[in-house]
Every structure is written in C-alpha cells, then in structure tokens.
Number of protein chains: 4
Amino acid sequence: MARIAGSSGASTAAAIRRVGLRLIHRHGYEAMGLRQLAAEVGIRPGSLYNHIASKQDLLFRLIEAHLLALIAAAEAALEAAPADPPARLRAFVTHHVLYHLGKEAEVTVANFELRALDPPGRARIVALRRRYEALLITLLEAGRAEGRFVLTDPRVAAYAILAMLTGACTWYRPDGRLSPAELAAIHAGMVLRSCGLAPEEGAS
Amino acid sequence: MARIAGSSGASTAAAIRRVGLRLIHRHGYEAMGLRQLAAEVGIRPGSLYNHIASKQDLLFRLIEAHLLALIAAAEAALEAAPADPPARLRAFVTHHVLYHLGKEAEVTVANFELRALDPPGRARIVALRRRYEALLITLLEAGRAEGRFVLTDPRVAAYAILAMLTGACTWYRPDGRLSPAELAAIHAGMVLRSCGLAPEEGAS
Amino acid sequence: MARIAGSSGASTAAAIRRVGLRLIHRHGYEAMGLRQLAAEVGIRPGSLYNHIASKQDLLFRLIEAHLLALIAAAEAALEAAPADPPARLRAFVTHHVLYHLGKEAEVTVANFELRALDPPGRARIVALRRRYEALLITLLEAGRAEGRFVLTDPRVAAYAILAMLTGACTWYRPDGRLSPAELAAIHAGMVLRSCGLAPEEGAS
Amino acid sequence: MARIAGSSGASTAAAIRRVGLRLIHRHGYEAMGLRQLAAEVGIRPGSLYNHIASKQDLLFRLIEAHLLALIAAAEAALEAAPADPPARLRAFVTHHVLYHLGKEAEVTVANFELRALDPPGRARIVALRRRYEALLITLLEAGRAEGRFVLTDPRVAAYAILAMLTGACTWYRPDGRLSPAELAAIHAGMVLRSCGLAPEEGAS
DNA sequence: CATGAATGAGATTTCATTCAT
DNA sequence: TATGAATGAAATCTCATTCAT
C-alpha cells in the first residue's frame, strides 16, 4: 500500500519551510492549502507530517526562526557600533532596513500572520518581538538621557520608527529606482531628523 | 454571541457589514466563516445572500467604503487648512491619526486583507489608495518646490510617513496613557522634524 | 457551486439513523465511514451534517433511543404483570427476550459500542443502563424478601440473567428452528429454575 | 506511556502482543493505531513489521492463542472431573469462571473483535469457538441422556450458560466484594439449578 | 532488527453557495 | 426575506504499510 519514489531525506524539510514561507506570504496562512504545499514540494499531502507536526507548527517555526535571526543581527549591528547614541541609532536603522529588504516574505508573515497563531505560540512570538523592540527603546532612552534626542515618548517613537521602516519592505522592489543603500540612507535621515538630530550627526 | 444586541433598528444588511467587519478584523477574511457571520447577525447562512452577492463582495464593499470616507475626510481637512505647506502637512498628519484611531478594524482590514481580493477588486482598491497617497505626495512636492521641506524623495517619504502613522492605530488603545490629541501631536512633531522643519512650524 | 437534487426533507434524518445503525452493527463504529453512510443514504458526505452534529452524536442518539424504548417497554410489561414475584420475573424475561429478538443491531450497538462514546455520552448511557438493570434487581430483591427466590446476591444474579438473555439475540436467527415464543419459554424456564423456582411457577 | 516498564527481558515480539492486547481491549481493534502500539513498545511503526505480518495478523494470533489455551484448560478440567454429569457441569462452570476472571482483555477481544477479522481468519476462530462450545453441549447432552438434567434444548442451554458466565468477567473487578471462588460458586449454583439440579448435587 | 521517509487511501468535518419552498 | 437541505470541493490530518539504508 505504499511505494517509494525519491527518498530525498533531510532536504525535504528545508523545502517545506522554503515553499511554505512563499505560499503563506502569497496567499496568507489560512488560504494556503497543505495540498498545494505538498504538490509544490513534490510529495503527497500526508508525507508533510513526517516533517512538521501540524500546519500551525510550520507557521510558528517560520516566524520564530525569522525573529531569532533578526534579533541576532540587530545585536551584532549594535555591538559593532560606537557608543555615541546618534551613531547607534543610525546603525540600528541601517541594519533594520538592509536586513528586511529581500526578506519581504519573512517580514510580512511575521507581522501579518501573528493572529493565525494559537495563543501559546502567539505569546512566545510576541515575547520575541518585545525583545527586538526593547533594543530600540533602550537606545532611544539612552540618547534622551544624554540630551541628544528630542523625544516626547521613547516607546511611542520606537513604534513609529519601526512601523515606518518595516513598511518600506512592503513596497520595495529590487528592480526599482533606489538601491538598498540609498533607501537605508533616506530612512536614516528621516529617523534622525524625526528625533531632532541634524542629518549629518551619527554619520559613520 | 448569537444575536447582536441593540441592532433592532438597523437593517439586516447594515448588521452584516458591521458584524462582518468585526469578524474579518478579528479572524481574518479567510478564517471568518459565513456560518459564524450569519449566526452573529441572527439569520441562517443562506439568508446572507439576500444582502450580499458573495463573501468577496462583502469584503470589497467594506474596504471601498472605508477608503472613500478616508479620502473625503482628508480632502476636507486639507481644504480647511491654510496654504502654508508646513501647516498643510500638520493638518494632514492630524487628520490621518485622528481618523484612524478608533477605526482599527477598518484600517486593519483595508491593509491586511487586500491580498484576499480577487484581481479586479484589488485593482480598484489599489487605485483608491493611490488617490489617498497622492494627496500627501502632492503636498510634499509642493513644500519641497517652495524650499520648505528637506526631502530626498517625496514618494518614499510619503510611504514612510503613512506607514509610521498607520502603524499607530495597530497598537493604540483608547484606555492607554495617551489621548488621541497627544498621540497626534507626537506624530505631527516627528513627521515635521523628519521633513526638516522645526516643530513649531506649521502650528495652527 | 451547489446544486439541488432531490430535497427529500425530514426522511433523510430517519434514513441516516436507519442506515447508520445497520452499518455500525455490521462494521463497528470506528470501521464505519461517513462516506459509506452518505452513499447508502444517497447524499454527499458533507450533507450528513445538516442532520447530525457529528459521528459521535449519531452513535449517542442511536444508543439513547434504544435504551429509552427498552426501558419504556420493560416498565409497561411489569405494570401489566401481576404482583406475584415469580410471575413478574417471567414477565420481565419474556419481555426482554421478545423485545431483543429482531433488534440485534440496536442491542449489539448499545452493548458493544459503549467504549466508542466520549466520556460525557458514555456516562449518560451508563446511567440509562443502570435504570434498566435496577428494574430487574428490584424485582429479584422483592422476591427474595418474600422468600420466593433462592438468591445469593440479587445484583450478581441480575447481571448473570441479563447476560444470558441478551446473548440469545446475538445468535438467534428468525429462520432458525425455534420461534421467538419458544425461545422466550426456554429462557424463562432456565431463569426461573436458576432462582430456585419450579418451572410452572409464575406461569401466566 | 512510552516505554513499557519491566519488559527489558521480554522479546520485542512478546511486548507487541502484550501491549497490543491491552490497546485493542481498551480502544478496540479499529481505534488502535499501530503508531500508538509502536510508541508504547518503544520502537518505530515500521519496525513492527519485523515481528508481525499485519495488524490483522496480530489480532488473529491474539484471539487464536487465547482460544487454544481456553480449550486446553477446559479439557484438563473435564479430565480431572468425575464421570457424574452434575459434577462435570460444576467443574466446567468453575473452570470457565476462574479462567476468565483476570483475563478480561483476552475474553473481550476474542468476543468483540471477531467482526474485525477478515473472513478466512474469522472462520478459523469460529471453528475454535465451536470446539469449545461442543465440550459443554456434549456434557449437557450426556447429562440429559442419563436423565439427570432438565433441558429443552442442549445447544440453546449451552449458549445461554456461556453467555451468562462470560458476561461475569465484563463487570468483575478484583477489588470488589466477591472473591473469584465465591463468584464461581454463585454461578455454579445458578447454572445447576437452571438445569434442574438441586444446588448440592455435583458438589465436589 | 531498527529507522526515517515515503505512499495511496481515506478519515471527519467545514466551506461558500444554491434554490425550491 | 428567510429557511432548510442540498451541493462539489476542499480542509487538515491519520492510517497501515513499504523499503532503501
């Protein structure tokens, strides 16, 4: 009652994650069918369950992996940055924009499909997101304490900045008229000015 | 959950739109079942089709109505504003923030569920969104032409500003520590500064 | 996306119960597929859910209906019987055997598929079964109190009698060499003797 | 639940039979999954097939082994009994009750899961059951031929007796108020009386 | 002897939608 | 306008089983 086709092994799991991310991004989690996912991976629907525990589990792991990588990249960028708050802010913005460009699928899924997670999974993801936001909030608070930033409310400012930056990757197209570096520079300028800095401040 | 309270006077069609908006916002378009919608409206699933053409049609009309109202409100706000570009920018930002607060459902649905629309419907909605964005882009371009704004790219700046502002309503809670007016003021300040203006410029 | 064939109406629900009982009896609850059930009823699988809440629900209702009818029949038989304990015991045995013959499906399902019920459903069915058993236990206790029955333990005796009688309908075939009346008489004789009575005692 | 304790010495095949019997008894043949069986044995599902030919095969062997042991025990009990029919009947009843108590799993599976066997397997098991029933039928016929038993129909009487006795093990609990010996005595008394004997007849 | 990955079939259940009444 | 019963399609997931390693 069972036949063997091309027992590819470990790469199947990676293909499921890769194709799954693309399909969730394109159609949304609820609208993506496991039949379609299986077909594009090249296996039968039931075989998916040799690699994932459930559709929910797949979504959770995709989002979790993205956030963990994002946090690690941010921490690395901040460690490499000087202690000067404007420079650190510019470093964070540059990291965020460059990291997100080309990761539209991961970013969209991580932001849009949170509600599709069941409560325990959502709680864990929300905690990770808080860790990431805290990096920026801490940075803004430090700059304000040193009198370098003009900020009414660091938390609100952080949310506003993140919304602005993340939004960029929803419309950015690699074949557009702006290079990633240009886009990062434009946004760094806007963010620094929005915090009351002259654009040349914090230049590396 | 079954019968909607206080809806005795409203027509069934209005109840379907009201409840439908809430359910799509809470669960997402794909995850909202028409059975659930019918149950919360107080009718049977089949009866929905006396009021809507299809589930798609319901979604389209909800988004379209929201965008039309948003555009009208923006145009009214700009007509009432002085000709001075900083003042007009402040007026736009204030309008946007105040209009969006308390309309979380409409905003979220209009932004998140675009992908659930079929191509013709999506095209019409995208066109409406372009009309709205054009209001801000035109404003920014005018200000730059007068030498009042520091802007590398008005279109990119407009997207960044809209992303920042719209993001506010995804985390704003009416019982939070900030009033709508305070929130609008904070964001107006950030936006004006990000365009190279001193915060007091454009004050009404 | 939907077509109408022969909207038969209320009789569909009855057909589902009738065919469902037969299939559960023949294959067992777990082995009966709803596809098969739907096919034999003449509808599509999904249409079953216009009439049943779930497969579990179908099983529960079948067993519950059987037990309620069985209890009512037993109570009627005892009400019609004289007050004399041997006569009442003979009446109960005759009722039980005659009622069960020809109801092999109901009896088998009610006895064999209890374990397939979820705990709440099982609890309600077990309570009904206790009500039925209590009718016999009460009868045996009354007869022993009057010194008419030789019984070590009325509860154990009741279980033994019921097991013996119910077993009859698992092998009884209407086209066999014994008529229902003969079968009832044989078992009544064995039961009465097993309680220490002469066979002619309790004869009506 | 995962690894079976105290099974280090037993072979994997024996563990499969032991755990399989327990799971079939608890959930039923159809409801028991081979994945669950493998997990409780401590191996992967595929490895089961190093020890069993199929799920059907496992069920068949469990039932066959039980019936062969039951027949052997009955024959031993009858060989050890005196030639007197009442004494032989008492010996058979005592054997049956005592053998069955504590073998609830085997008995339930052998009786309830017959329908899950494919036709060839079922035929072989039914033949074994006939052999066992024949021991009692022969005994009853002999007793009737000697004029010791009051019996309308030895075959019907045998079925009634076996149903009564076997039923006892479906409700017997080792921690109940009756000992196995007491239970056997009660049933021996009922059976002997049901065949028209005074209770003390056939006492050993 | 055990494993991991695959299979085809099928499980129960939900979906949006239709339409005679 | 509302209803109840139907539809075809599809949903996610489990099943027993196979077999190269």
# chains A, B, ... in the order shown; residues from 1 in each chain; ligands from 1
$ interface_residues --of "chain B" --to "chain E" --cutoff "10 Å" --atoms "only C-alpha atoms (C1' of nucleotides)" --output "mmCIF file with all heavy atoms, in the first residue's frame"
data_model
loop_
_atom_site.group_PDB
_atom_site.id
_atom_site.type_symbol
_atom_site.label_atom_id
_atom_site.label_comp_id
_atom_site.auth_asym_id
_atom_site.auth_seq_id
_atom_site.Cartn_x
_atom_site.Cartn_y
_atom_site.Cartn_z
ATOM 1 N N GLY B 33 -15.932 32.461 8.839
ATOM 2 C CA GLY B 33 -16.912 31.656 8.126
ATOM 3 C C GLY B 33 -18.235 32.392 8.011
ATOM 4 O O GLY B 33 -18.626 33.124 8.920
ATOM 5 N N LEU B 34 -18.884 32.191 6.891
ATOM 6 C CA LEU B 34 -20.187 32.833 6.721
ATOM 7 C C LEU B 34 -21.211 32.260 7.691
ATOM 8 O O LEU B 34 -22.190 32.914 8.038
ATOM 9 C CB LEU B 34 -20.668 32.677 5.280
ATOM 10 C CG LEU B 34 -19.854 33.462 4.256
ATOM 11 C CD1 LEU B 34 -20.495 33.367 2.890
ATOM 12 C CD2 LEU B 34 -19.741 34.920 4.668
ATOM 13 N N ARG B 35 -21.001 31.039 8.125
ATOM 14 C CA ARG B 35 -21.900 30.489 9.143
ATOM 15 C C ARG B 35 -21.805 31.302 10.428
ATOM 16 O O ARG B 35 -22.817 31.635 11.046
ATOM 17 C CB ARG B 35 -21.531 29.038 9.423
ATOM 18 C CG ARG B 35 -21.969 28.084 8.348
ATOM 19 C CD ARG B 35 -21.278 26.736 8.518
ATOM 20 N NE ARG B 35 -21.932 25.682 7.792
ATOM 21 C CZ ARG B 35 -21.850 25.518 6.477
ATOM 22 N NH1 ARG B 35 -21.117 26.359 5.774
ATOM 23 N NH2 ARG B 35 -22.472 24.534 5.878
ATOM 24 N N PRO B 45 -27.304 30.922 7.271
ATOM 25 C CA PRO B 45 -26.295 31.229 6.255
ATOM 26 C C PRO B 45 -26.892 31.572 4.900
ATOM 27 O O PRO B 45 -26.479 32.534 4.256
ATOM 28 C CB PRO B 45 -25.465 29.946 6.198
ATOM 29 C CG PRO B 45 -25.596 29.364 7.555
ATOM 30 C CD PRO B 45 -26.985 29.683 8.016
ATOM 31 N N GLY B 46 -27.869 30.811 4.455
ATOM 32 C CA GLY B 46 -28.419 31.070 3.139
ATOM 33 C C GLY B 46 -29.018 32.461 3.001
ATOM 34 O O GLY B 46 -29.004 33.050 1.908
ATOM 35 N N TYR B 49 -27.359 35.731 1.452
ATOM 36 C CA TYR B 49 -27.302 36.044 0.026
ATOM 37 C C TYR B 49 -28.472 36.883 -0.443
ATOM 38 O O TYR B 49 -28.545 37.251 -1.619
ATOM 39 C CB TYR B 49 -27.157 34.757 -0.778
ATOM 40 C CG TYR B 49 -25.788 34.169 -0.583
ATOM 41 C CD1 TYR B 49 -25.503 33.341 0.500
ATOM 42 C CD2 TYR B 49 -24.757 34.497 -1.439
ATOM 43 C CE1 TYR B 49 -24.244 32.828 0.705
ATOM 44 C CE2 TYR B 49 -23.492 33.982 -1.244
ATOM 45 C CZ TYR B 49 -23.234 33.148 -0.174
ATOM 46 O OH TYR B 49 -21.976 32.651 0.021
ATOM 47 N N SER B 54 -21.630 37.962 -2.514
ATOM 48 C CA SER B 54 -20.695 36.898 -2.181
ATOM 49 C C SER B 54 -19.830 37.386 -1.024
ATOM 50 O O SER B 54 -19.870 38.557 -0.636
ATOM 51 C CB SER B 54 -19.811 36.551 -3.381
ATOM 52 O OG SER B 54 -18.963 37.642 -3.666
ATOM 53 N N LYS B 55 -19.047 36.470 -0.520
ATOM 54 C CA LYS B 55 -18.132 36.844 0.557
ATOM 55 C C LYS B 55 -17.130 37.882 0.041
ATOM 56 O O LYS B 55 -16.816 38.857 0.721
ATOM 57 C CB LYS B 55 -17.422 35.580 1.042
ATOM 58 C CG LYS B 55 -16.748 35.698 2.387
ATOM 59 C CD LYS B 55 -15.930 34.424 2.691
ATOM 60 C CE LYS B 55 -15.163 34.547 3.988
ATOM 61 N NZ LYS B 55 -14.197 33.437 4.181
#
$ interface_residues --of "chain A" --to "chain B" --cutoff "9 Å" --atoms "only C-alpha atoms" --output "JSON list (two decimals) with N, CA and C atoms, in the first residue's frame"
[["chain", "number", "residue", "atom", "x", "y", "z"],
["A", 26, "ARG", "N", 2.28, 34.63, -0.05],
["A", 26, "ARG", "CA", 1.48, 35.00, -1.21],
["A", 26, "ARG", "C", -0.02, 34.93, -0.93],
["A", 27, "HIS", "N", -0.44, 33.88, -0.23],
["A", 27, "HIS", "CA", -1.88, 33.67, -0.09],
["A", 27, "HIS", "C", -2.39, 33.93, 1.33],
["A", 28, "GLY", "N", -1.48, 33.98, 2.27],
["A", 28, "GLY", "CA", -1.92, 34.04, 3.66],
["A", 28, "GLY", "C", -1.99, 32.64, 4.25],
["A", 29, "TYR", "N", -1.83, 32.56, 5.55],
["A", 29, "TYR", "CA", -1.77, 31.26, 6.21],
["A", 29, "TYR", "C", -3.06, 30.47, 6.01],
["A", 30, "GLU", "N", -4.17, 31.12, 6.24],
["A", 30, "GLU", "CA", -5.45, 30.40, 6.14],
["A", 30, "GLU", "C", -5.72, 29.96, 4.71],
["A", 31, "ALA", "N", -5.30, 30.77, 3.75],
["A", 31, "ALA", "CA", -5.63, 30.47, 2.36],
["A", 31, "ALA", "C", -4.65, 29.49, 1.74],
["A", 112, "PHE", "N", 1.98, 39.80, 9.69],
["A", 112, "PHE", "CA", 0.57, 39.68, 9.34],
["A", 112, "PHE", "C", -0.08, 38.43, 9.91],
["A", 115, "ARG", "N", -1.88, 36.67, 14.10],
["A", 115, "ARG", "CA", -3.22, 36.33, 14.61],
["A", 115, "ARG", "C", -3.61, 34.89, 14.28],
["A", 116, "ALA", "N", -2.91, 34.29, 13.30],
["A", 116, "ALA", "CA", -3.23, 32.91, 12.95],
["A", 116, "ALA", "C", -2.59, 31.93, 13.92],
["A", 151, "LEU", "N", 12.54, 63.77, 22.17],
["A", 151, "LEU", "CA", 11.58, 62.68, 22.16],
["A", 151, "LEU", "C", 10.52, 62.89, 23.22],
["A", 152, "THR", "N", 9.30, 62.92, 22.83],
["A", 152, "THR", "CA", 8.24, 63.00, 23.84],
["A", 152, "THR", "C", 8.11, 61.69, 24.59],
["A", 153, "ASP", "N", 8.18, 60.60, 23.85],
["A", 153, "ASP", "CA", 7.89, 59.29, 24.46],
["A", 153, "ASP", "C", 8.69, 58.23, 23.71],
["A", 156, "VAL", "N", 6.62, 55.26, 22.19],
["A", 156, "VAL", "CA", 5.82, 55.64, 21.02],
["A", 156, "VAL", "C", 6.73, 55.91, 19.83],
["A", 157, "ALA", "N", 7.83, 56.60, 20.08],
["A", 157, "ALA", "CA", 8.75, 56.89, 18.99],
["A", 157, "ALA", "C", 9.30, 55.60, 18.38],
["A", 159, "TYR", "N", 7.88, 52.63, 18.30],
["A", 159, "TYR", "CA", 6.85, 52.01, 17.48],
["A", 159, "TYR", "C", 6.70, 52.74, 16.14],
["A", 160, "ALA", "N", 6.72, 54.06, 16.21],
["A", 160, "ALA", "CA", 6.56, 54.84, 14.98],
["A", 160, "ALA", "C", 7.72, 54.56, 14.02],
["A", 161, "ILE", "N", 8.92, 54.53, 14.56],
["A", 161, "ILE", "CA", 10.08, 54.28, 13.70],
["A", 161, "ILE", "C", 10.02, 52.89, 13.09],
["A", 162, "LEU", "N", 9.71, 51.90, 13.91],
["A", 162, "LEU", "CA", 9.66, 50.53, 13.38],
["A", 162, "LEU", "C", 8.58, 50.39, 12.33],
["A", 163, "ALA", "N", 7.43, 51.03, 12.56],
["A", 163, "ALA", "CA", 6.37, 50.95, 11.56],
["A", 163, "ALA", "C", 6.83, 51.56, 10.25],
["A", 164, "MET", "N", 7.48, 52.69, 10.35],
["A", 164, "MET", "CA", 7.96, 53.35, 9.14],
["A", 164, "MET", "C", 8.96, 52.48, 8.39],
["A", 165, "LEU", "N", 9.92, 51.95, 9.12],
["A", 165, "LEU", "CA", 10.98, 51.18, 8.47],
["A", 165, "LEU", "C", 10.46, 49.88, 7.89],
["A", 166, "THR", "N", 9.66, 49.18, 8.68],
["A", 166, "THR", "CA", 9.16, 47.89, 8.21],
["A", 166, "THR", "C", 8.26, 48.08, 6.99],
["A", 167, "GLY", "N", 7.53, 49.17, 7.00],
["A", 167, "GLY", "CA", 6.67, 49.44, 5.85],
["A", 167, "GLY", "C", 7.44, 49.50, 4.56],
["A", 168, "ALA", "N", 8.69, 49.93, 4.64],
["A", 168, "ALA", "CA", 9.47, 50.10, 3.41],
["A", 168, "ALA", "C", 9.59, 48.78, 2.64],
["A", 171, "TRP", "N", 6.79, 47.66, 0.04],
["A", 171, "TRP", "CA", 6.66, 48.19, -1.33],
["A", 171, "TRP", "C", 7.99, 48.18, -2.08],
["A", 183, "LEU", "N", 18.03, 53.61, -0.06],
["A", 183, "LEU", "CA", 16.82, 53.53, 0.76],
["A", 183, "LEU", "C", 17.18, 53.63, 2.24],
["A", 186, "ILE", "N", 18.06, 57.25, 3.07],
["A", 186, "ILE", "CA", 16.88, 58.12, 3.16],
["A", 186, "ILE", "C", 16.18, 57.93, 4.50],
["A", 187, "HIS", "N", 15.99, 56.67, 4.87],
["A", 187, "HIS", "CA", 15.26, 56.41, 6.11],
["A", 187, "HIS", "C", 16.07, 56.81, 7.33],
["A", 189, "GLY", "N", 18.11, 59.23, 7.46],
["A", 189, "GLY", "CA", 17.96, 60.68, 7.55],
["A", 189, "GLY", "C", 16.64, 61.08, 8.18],
["A", 190, "MET", "N", 15.55, 60.47, 7.72],
["A", 190, "MET", "CA", 14.25, 60.83, 8.26],
["A", 190, "MET", "C", 14.15, 60.51, 9.74],
["A", 191, "VAL", "N", 14.65, 59.33, 10.11],
["A", 191, "VAL", "CA", 14.55, 58.93, 11.51],
["A", 191, "VAL", "C", 15.38, 59.86, 12.38],
["A", 192, "LEU", "N", 16.60, 60.13, 11.95],
["A", 192, "LEU", "CA", 17.44, 61.00, 12.78],
["A", 192, "LEU", "C", 16.80, 62.39, 12.92],
["A", 193, "ARG", "N", 16.32, 62.91, 11.82],
["A", 193, "ARG", "CA", 15.67, 64.22, 11.92],
["A", 193, "ARG", "C", 14.43, 64.16, 12.81],
["A", 194, "SER", "N", 13.66, 63.05, 12.68],
["A", 194, "SER", "CA", 12.44, 62.97, 13.50],
["A", 194, "SER", "C", 12.78, 62.94, 14.98],
["A", 195, "CYS", "N", 14.02, 62.59, 15.32],
["A", 195, "CYS", "CA", 14.45, 62.61, 16.72],
["A", 195, "CYS", "C", 15.23, 63.90, 17.03],
["A", 196, "GLY", "N", 15.13, 64.87, 16.15],
["A", 196, "GLY", "CA", 15.71, 66.18, 16.44],
["A", 196, "GLY", "C", 17.18, 66.32, 16.14],
["A", 197, "LEU", "N", 17.72, 65.42, 15.32],
["A", 197, "LEU", "CA", 19.14, 65.48, 15.02],
["A", 197, "LEU", "C", 19.35, 66.08, 13.63],
["A", 198, "ALA", "N", 20.50, 66.73, 13.47],
["A", 198, "ALA", "CA", 20.88, 67.15, 12.13],
["A", 198, "ALA", "C", 21.28, 65.89, 11.36]]
$ interface_residues --of "chain F" --to "chain D" --cutoff "12 Å" --atoms "only C-alpha atoms (C1' of nucleotides)" --output "ChimeraX atom specification"
/F:14-19
$ write_last_selection --atoms "all heavy atoms" --output "CSV table (one decimal), in the first residue's frame"
chain,number,residue,atom,x,y,z
F,14,DT,P,-2.9,13.9,13.2
F,14,DT,OP1,-3.1,13.9,14.6
F,14,DT,OP2,-1.6,14.1,12.6
F,14,DT,O5',-3.4,12.5,12.6
F,14,DT,C5',-4.8,12.1,12.8
F,14,DT,C4',-5.0,10.7,12.2
F,14,DT,O4',-5.0,10.8,10.8
F,14,DT,C3',-3.9,9.7,12.6
F,14,DT,O3',-4.6,8.6,13.1
F,14,DT,C2',-3.1,9.5,11.4
F,14,DT,C1',-4.2,9.7,10.3
F,14,DT,N1,-3.7,10.2,9.0
F,14,DT,C2,-4.1,9.5,7.8
F,14,DT,O2,-4.8,8.6,7.8
F,14,DT,N3,-3.6,10.0,6.7
F,14,DT,C4,-2.7,11.1,6.5
F,14,DT,O4,-2.3,11.5,5.4
F,14,DT,C5,-2.3,11.7,7.8
F,14,DT,C7,-1.4,12.9,7.7
F,14,DT,C6,-2.8,11.3,8.9
F,15,DC,P,-3.8,7.3,13.6
F,15,DC,OP1,-4.6,6.8,14.7
F,15,DC,OP2,-2.4,7.7,13.8
F,15,DC,O5',-3.9,6.3,12.4
F,15,DC,C5',-5.2,6.1,11.8
F,15,DC,C4',-5.0,5.2,10.6
F,15,DC,O4',-4.7,6.0,9.5
F,15,DC,C3',-3.9,4.2,10.7
F,15,DC,O3',-4.4,3.0,11.2
F,15,DC,C2',-3.5,4.0,9.2
F,15,DC,C1',-4.0,5.3,8.5
F,15,DC,N1,-2.9,6.1,8.0
F,15,DC,C2,-2.6,6.1,6.6
F,15,DC,O2,-3.2,5.4,5.9
F,15,DC,N3,-1.6,7.0,6.2
F,15,DC,C4,-1.0,7.8,7.0
F,15,DC,N4,-0.1,8.6,6.5
F,15,DC,C5,-1.3,7.8,8.4
F,15,DC,C6,-2.2,6.9,8.9
F,16,DA,P,-3.4,2.0,11.9
F,16,DA,OP1,-4.2,1.2,12.8
F,16,DA,OP2,-2.2,2.7,12.4
F,16,DA,O5',-3.0,1.1,10.7
F,16,DA,C5',-4.0,0.4,9.9
F,16,DA,C4',-3.4,-0.1,8.6
F,16,DA,O4',-2.8,1.0,7.9
F,16,DA,C3',-2.3,-1.2,8.8
F,16,DA,O3',-2.4,-2.1,7.8
F,16,DA,C2',-1.0,-0.3,8.7
F,16,DA,C1',-1.5,0.7,7.6
F,16,DA,N9,-0.8,2.0,7.8
F,16,DA,C8,-0.5,2.7,8.9
F,16,DA,N7,0.1,3.8,8.7
F,16,DA,C5,0.3,3.9,7.4
F,16,DA,C6,1.0,4.8,6.5
F,16,DA,N6,1.6,5.9,7.0
F,16,DA,N1,1.0,4.6,5.2
F,16,DA,C2,0.4,3.4,4.7
F,16,DA,N3,-0.2,2.5,5.4
F,16,DA,C4,-0.2,2.8,6.7
F,17,DT,P,-1.5,-3.4,7.8
F,17,DT,OP1,-2.3,-4.5,7.1
F,17,DT,OP2,-0.9,-3.6,9.1
F,17,DT,O5',-0.4,-3.0,6.7
F,17,DT,C5',-0.8,-2.5,5.5
F,17,DT,C4',0.5,-1.9,4.8
F,17,DT,O4',0.8,-0.6,5.3
F,17,DT,C3',1.7,-2.7,4.8
F,17,DT,O3',2.0,-3.2,3.5
F,17,DT,C2',2.8,-1.7,5.2
F,17,DT,C1',2.1,-0.4,5.0
F,17,DT,N1,2.7,0.7,5.9
F,17,DT,C2,3.3,1.8,5.3
F,17,DT,O2,3.4,1.9,4.0
F,17,DT,N3,3.7,2.8,6.1
F,17,DT,C4,3.6,2.8,7.5
F,17,DT,O4,4.1,3.7,8.1
F,17,DT,C5,3.0,1.7,8.1
F,17,DT,C7,2.9,1.6,9.5
F,17,DT,C6,2.5,0.7,7.2
F,18,DT,P,3.2,-4.2,3.2
F,18,DT,OP1,2.7,-5.1,2.1
F,18,DT,OP2,3.7,-4.7,4.5
F,18,DT,O5',4.2,-3.2,2.6
F,18,DT,C5',3.9,-2.4,1.5
F,18,DT,C4',5.1,-1.6,1.0
F,18,DT,O4',5.3,-0.5,2.0
F,18,DT,C3',6.4,-2.3,0.9
F,18,DT,O3',6.9,-2.0,-0.4
F,18,DT,C2',7.2,-1.8,2.1
F,18,DT,C1',6.7,-0.4,2.2
F,18,DT,N1,6.8,0.1,3.6
F,18,DT,C2,7.4,1.4,3.8
F,18,DT,O2,7.8,2.1,2.9
F,18,DT,N3,7.4,1.8,5.1
F,18,DT,C4,6.9,1.2,6.2
F,18,DT,O4,7.0,1.6,7.3
F,18,DT,C5,6.4,-0.1,6.0
F,18,DT,C7,5.9,-1.0,7.1
F,18,DT,C6,6.4,-0.6,4.7
F,19,DC,P,7.9,-3.0,-1.1
F,19,DC,OP1,7.7,-3.0,-2.5
F,19,DC,OP2,7.9,-4.3,-0.3
F,19,DC,O5',9.3,-2.3,-0.8
F,19,DC,C5',9.5,-0.9,-1.1
F,19,DC,C4',10.7,-0.4,-0.5
F,19,DC,O4',10.4,0.1,0.8
F,19,DC,C3',11.9,-1.4,-0.4
F,19,DC,O3',13.0,-0.7,-0.8
F,19,DC,C2',11.9,-1.7,1.1
F,19,DC,C1',11.5,-0.3,1.6
F,19,DC,N1,11.1,-0.3,3.0
F,19,DC,C2,11.3,0.8,3.8
F,19,DC,O2,12.0,1.7,3.4
F,19,DC,N3,10.9,0.8,5.1
F,19,DC,C4,10.3,-0.3,5.6
F,19,DC,N4,9.9,-0.2,6.9
F,19,DC,C5,10.0,-1.4,4.8
F,19,DC,C6,10.4,-1.4,3.6
$ residues_around --residues "stretch 118-133 of chain C" --least-positions-apart "6" --cutoff "8 Å" --atoms "only C-alpha atoms (C1' of nucleotides)" --output "PyMOL selection string"
chain C and resi 56+60+63-64+67-68+70-71+74+158-159
$ select_by_dssp --residues "stretch 118-151 of chain A" --states "helix (DSSP H, G or I)" --output "list in words"
Pro119, Pro120, Gly121, Arg122, Ala123, Arg124, Ile125, Val126, Ala127, Leu128, Arg129, Arg130, Arg131, Tyr132, Glu133, Ala134, Leu135, Leu136, Ile137, Thr138, Leu139, Leu140, Glu141, Ala142, Gly143, Arg144 and Ala145 of chain A
$ atom_distance --atom1 "atom CA of B:Ile137" --atom2 "atom CA of A:Arg177"
17.3 Å
$ atom_distance --atom1 "atom CA of A:Ile24" --atom2 "atom CA of B:Val107"
21.5 Å
$ atom_distance --atom1 "atom CA of A:His96" --atom2 "atom CA of A:Leu59"
22.5 Å
$ residues_around --residues "C:Arg148" --least-positions-apart "2" --cutoff "8 Å" --atoms "only C-alpha atoms (C1' of nucleotides)" --output "ChimeraX atom specification"
/C:85-86,143-146,150,197
